[in-house]
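Chemist: Just dropping this structure here.
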Amino acid sequence: MENKHQVHNLIILDESGSMEGIKNTIIQGFNELVQTIQGIEQQFPDQEHLISFVSFNGLGHKSIHFREPAVSLKQLDMTSYMPNASTPLFDAMGFAINKLKHSLQEQSAYNVLVTILTDGEENASKEFSGATIKQLVDELKLERWTFTYIGTDHDVEKIALTLSINNTLVFERNEEDIKRMFDREKVSREHYSRRIQSSEDTSSGYYTDSEDEKKDK
């Protein structure tokens with residue numbers, strides 16, 4: 001089937017030194033998330049899911065995958081994810097978002113889901129400011145880009161709002177809550193693809209209909 005609707009999954013993962021204490025659980029959760037995306041592609045055969053994955057710290061950013069088919073993705077392990085140094089969040093976002101944006105200039109039928117996962121506030125960027133990232137996010141939200149911000153150990157909602165991101169998820173720094181966070185993310189991704197299939201608006205409410213919230217009501 002040639003005319004599949006492309007869904008670009010851009011994942012920006014914090015690899016700063018403070019992530020060391022939860023490294024094993026993050027690796028396990030990320031690998032399960034990749035399997036979820038692969039399963040979603042099978043569940044929605046009219047969609048083609050491509051993954052771009054960037055990790056970042058004060059030593060630089062690593063573009064581990066770029067617009068690669070979900071089925072071909074390699075799992076994270078102790079050698080490919082080694083937390084170290086500081087948290088240049090804005091630089092990582094600017095690099096990854098602009099790279100994907102420029103590569104899609106000649107295309108029209110696609111959606112982009114950006115997932116940022118970090119355990120700390122920006123503290124080391126040199127090329128991009130928060131205001132610049134906010135402007136970029138505001139621009140792309142009008143073009144079928146959905147932004148989500150997952151975090152711990154800082155005021156997640158406050159930081160996300162300064163970047164014009166209104167889809168947020170907070171987790172505690174323990175194995176049980178990190179697992180809950182990834183489970184919530186999986187359910188939301190399935191719902192997101194269902195909304196795309198139904199031609200619904202995907203710009204906000206990414207976590208609204210998750211199973212966790214249904215249980216809380």
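All residue names refer to the structure tokens as shown: chains lettered A, B, ... in order, residues numbered from 1 in each chain, ligands numbered from 1 in order.
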Would you mind listing what lies within 6 Å of region 37-46 of chain A as a short mmCIF file (atom, residue, chain, number, x, y, z; two decimals) with N, CA and C atoms, in the first residue's frame, with only C-alpha atoms counted and same-chain residues fewer than 2 positions away left out?
Modeler:
data_model
loop_
_atom_site.label_atom_id
_atom_site.label_comp_id
_atom_site.auth_asym_id
_atom_site.auth_seq_id
_atom_site.Cartn_x
_atom_site.Cartn_y
_atom_site.Cartn_z
N LYS A 4 0.19 5.39 2.24
CA LYS A 4 -0.06 5.36 3.67
C LYS A 4 0.17 6.74 4.26
N VAL A 34 9.00 1.37 21.97
CA VAL A 34 9.30 1.08 20.56
C VAL A 34 8.42 -0.08 20.08
N GLN A 35 8.29 -1.11 20.90
CA GLN A 35 7.44 -2.24 20.54
C GLN A 35 5.98 -1.80 20.40
N ALA A 70 9.59 1.97 11.88
CA ALA A 70 9.49 1.46 13.25
C ALA A 70 9.99 0.03 13.35
N VAL A 71 9.73 -0.76 12.33
CA VAL A 71 10.08 -2.18 12.38
C VAL A 71 11.58 -2.40 12.44
#
Chemist: If you count only C-alpha atoms, which residues fall within 6 Å of Gln6 (chain A), apart from same-chain ones fewer than 5 positions away, as a list in words?
Modeler: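 Non-adjacent residues within range: Gln47, Glu48, His49 and Tyr110 of chain A.
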Chemist: Identify which of the residues A:Arg180, A:Arg173, A:Arg144, A:Lys158 lies closest to Glu200 (chain A), counting only C-alpha atoms when measuring atom-to-atom distances.
Modeler: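 Ranking A:Arg180, A:Arg173, A:Arg144, A:Lys158 by distance to Glu200 (chain A), first place goes to A:Arg144.
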Chemist: Give the alpha helix (DSSP H) residues of region 15-108 of chain A, as assigned by DSSP on the backbone, as an MDAnalysis selection string.
Modeler: chainID A and resid 23:43 89:103
Chemist: Please indicate the distance in Å from CA of Ala92 (chain A) to CA of Lys141 (chain A), rounded to one decimal place.
Modeler: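 Value for the CA of Ala92 (chain A)-CA of Lys141 (chain A) distance: 18.3 Å.
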Chemist: Could you check which of A:Phe147, A:Leu163, A:His154, A:Glu106 is closest to Thr132 (chain A), using only C-alpha atoms?
Modeler: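 With only C-alpha atoms as the atom set, the closest residue is A:Leu163.
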Chemist: What lies within 9 Å of Gly130 (chain A) using only C-alpha atoms, ignoring chain neighbours under 3 positions off, as a tab-separated table (two decimals) with N, CA and C atoms, in the first residue's frame?
Modeler:
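Result went into around_17.tsv, see below:
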chain	number	residue	atom	x	y	z
A	90	PHE	N	17.11	22.91	25.46
A	90	PHE	CA	16.67	23.74	24.35
A	90	PHE	C	17.48	23.46	23.08
A	122	GLU	N	16.38	22.80	31.88
A	122	GLU	CA	17.44	23.31	31.01
A	122	GLU	C	18.53	23.99	31.85
A	133	ILE	N	12.49	28.34	21.17
A	133	ILE	CA	11.81	27.04	21.11
A	133	ILE	C	10.30	27.24	21.15
A	134	LYS	N	9.82	28.14	22.00
A	134	LYS	CA	8.38	28.41	22.07
A	134	LYS	C	7.85	28.88	20.72
A	135	GLN	N	8.57	29.76	20.07
A	135	GLN	CA	8.16	30.25	18.76
A	135	GLN	C	8.08	29.12	17.75
A	162	THR	N	5.93	27.27	29.37
A	162	THR	CA	6.80	28.32	28.85
A	162	THR	C	7.25	27.99	27.42
A	163	LEU	N	7.17	26.71	27.06
A	163	LEU	CA	7.54	26.27	25.71
A	163	LEU	C	6.31	26.07	24.83
Chemist: Among the residues of region 122-175 of chain A, find those DSSP assigns to strand (DSSP E or B) from the backbone and print them as a PyMOL selection string.
Modeler: chain A and resi 145-151+167-170
Chemist: Output the selection as an mmCIF file, in the first residue's frame - C-alpha atoms for each residue.
Modeler:
data_model
loop_
_atom_site.group_PDB
_atom_site.id
_atom_site.type_symbol
_atom_site.label_atom_id
_atom_site.label_comp_id
_atom_site.auth_asym_id
_atom_site.auth_seq_id
_atom_site.Cartn_x
_atom_site.Cartn_y
_atom_site.Cartn_z
ATOM 1 C CA TRP A 145 2.670 18.622 15.051
ATOM 2 C CA THR A 146 1.762 17.437 18.567
ATOM 3 C CA PHE A 147 4.187 18.112 21.433
ATOM 4 C CA THR A 148 4.317 16.220 24.725
ATOM 5 C CA TYR A 149 6.591 16.819 27.716
ATOM 6 C CA ILE A 150 7.289 14.047 30.246
ATOM 7 C CA GLY A 151 9.373 14.884 33.298
ATOM 8 C CA ASN A 167 0.422 17.890 26.909
ATOM 9 C CA THR A 168 2.372 16.962 30.056
ATOM 10 C CA LEU A 169 2.983 13.881 32.153
ATOM 11 C CA VAL A 170 4.767 13.828 35.525
#
Chemist: Have a look at CA of Ile51 (chain A) and CA of His65 (chain A) and let me know their distance in Å, one decimal.
Modeler: 6.7 Å
Chemist: Tell me which of A:Met93, A:Ile196, A:Met82, A:Ile165 sits closest to Ile22 (chain A), counting only C-alpha atoms.
Modeler: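 Comparing A:Met93, A:Ile196, A:Met82, A:Ile165 against Ile22 (chain A), the winner is A:Met82.
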Chemist: Which polymer residues have any atom within 8 Å of an atom of Phe182 (chain A), counting only C-alpha atoms, with same-chain residues fewer than 5 positions away left out, as an MDAnalysis selection string?
Modeler: chainID A and resid 29:30 33
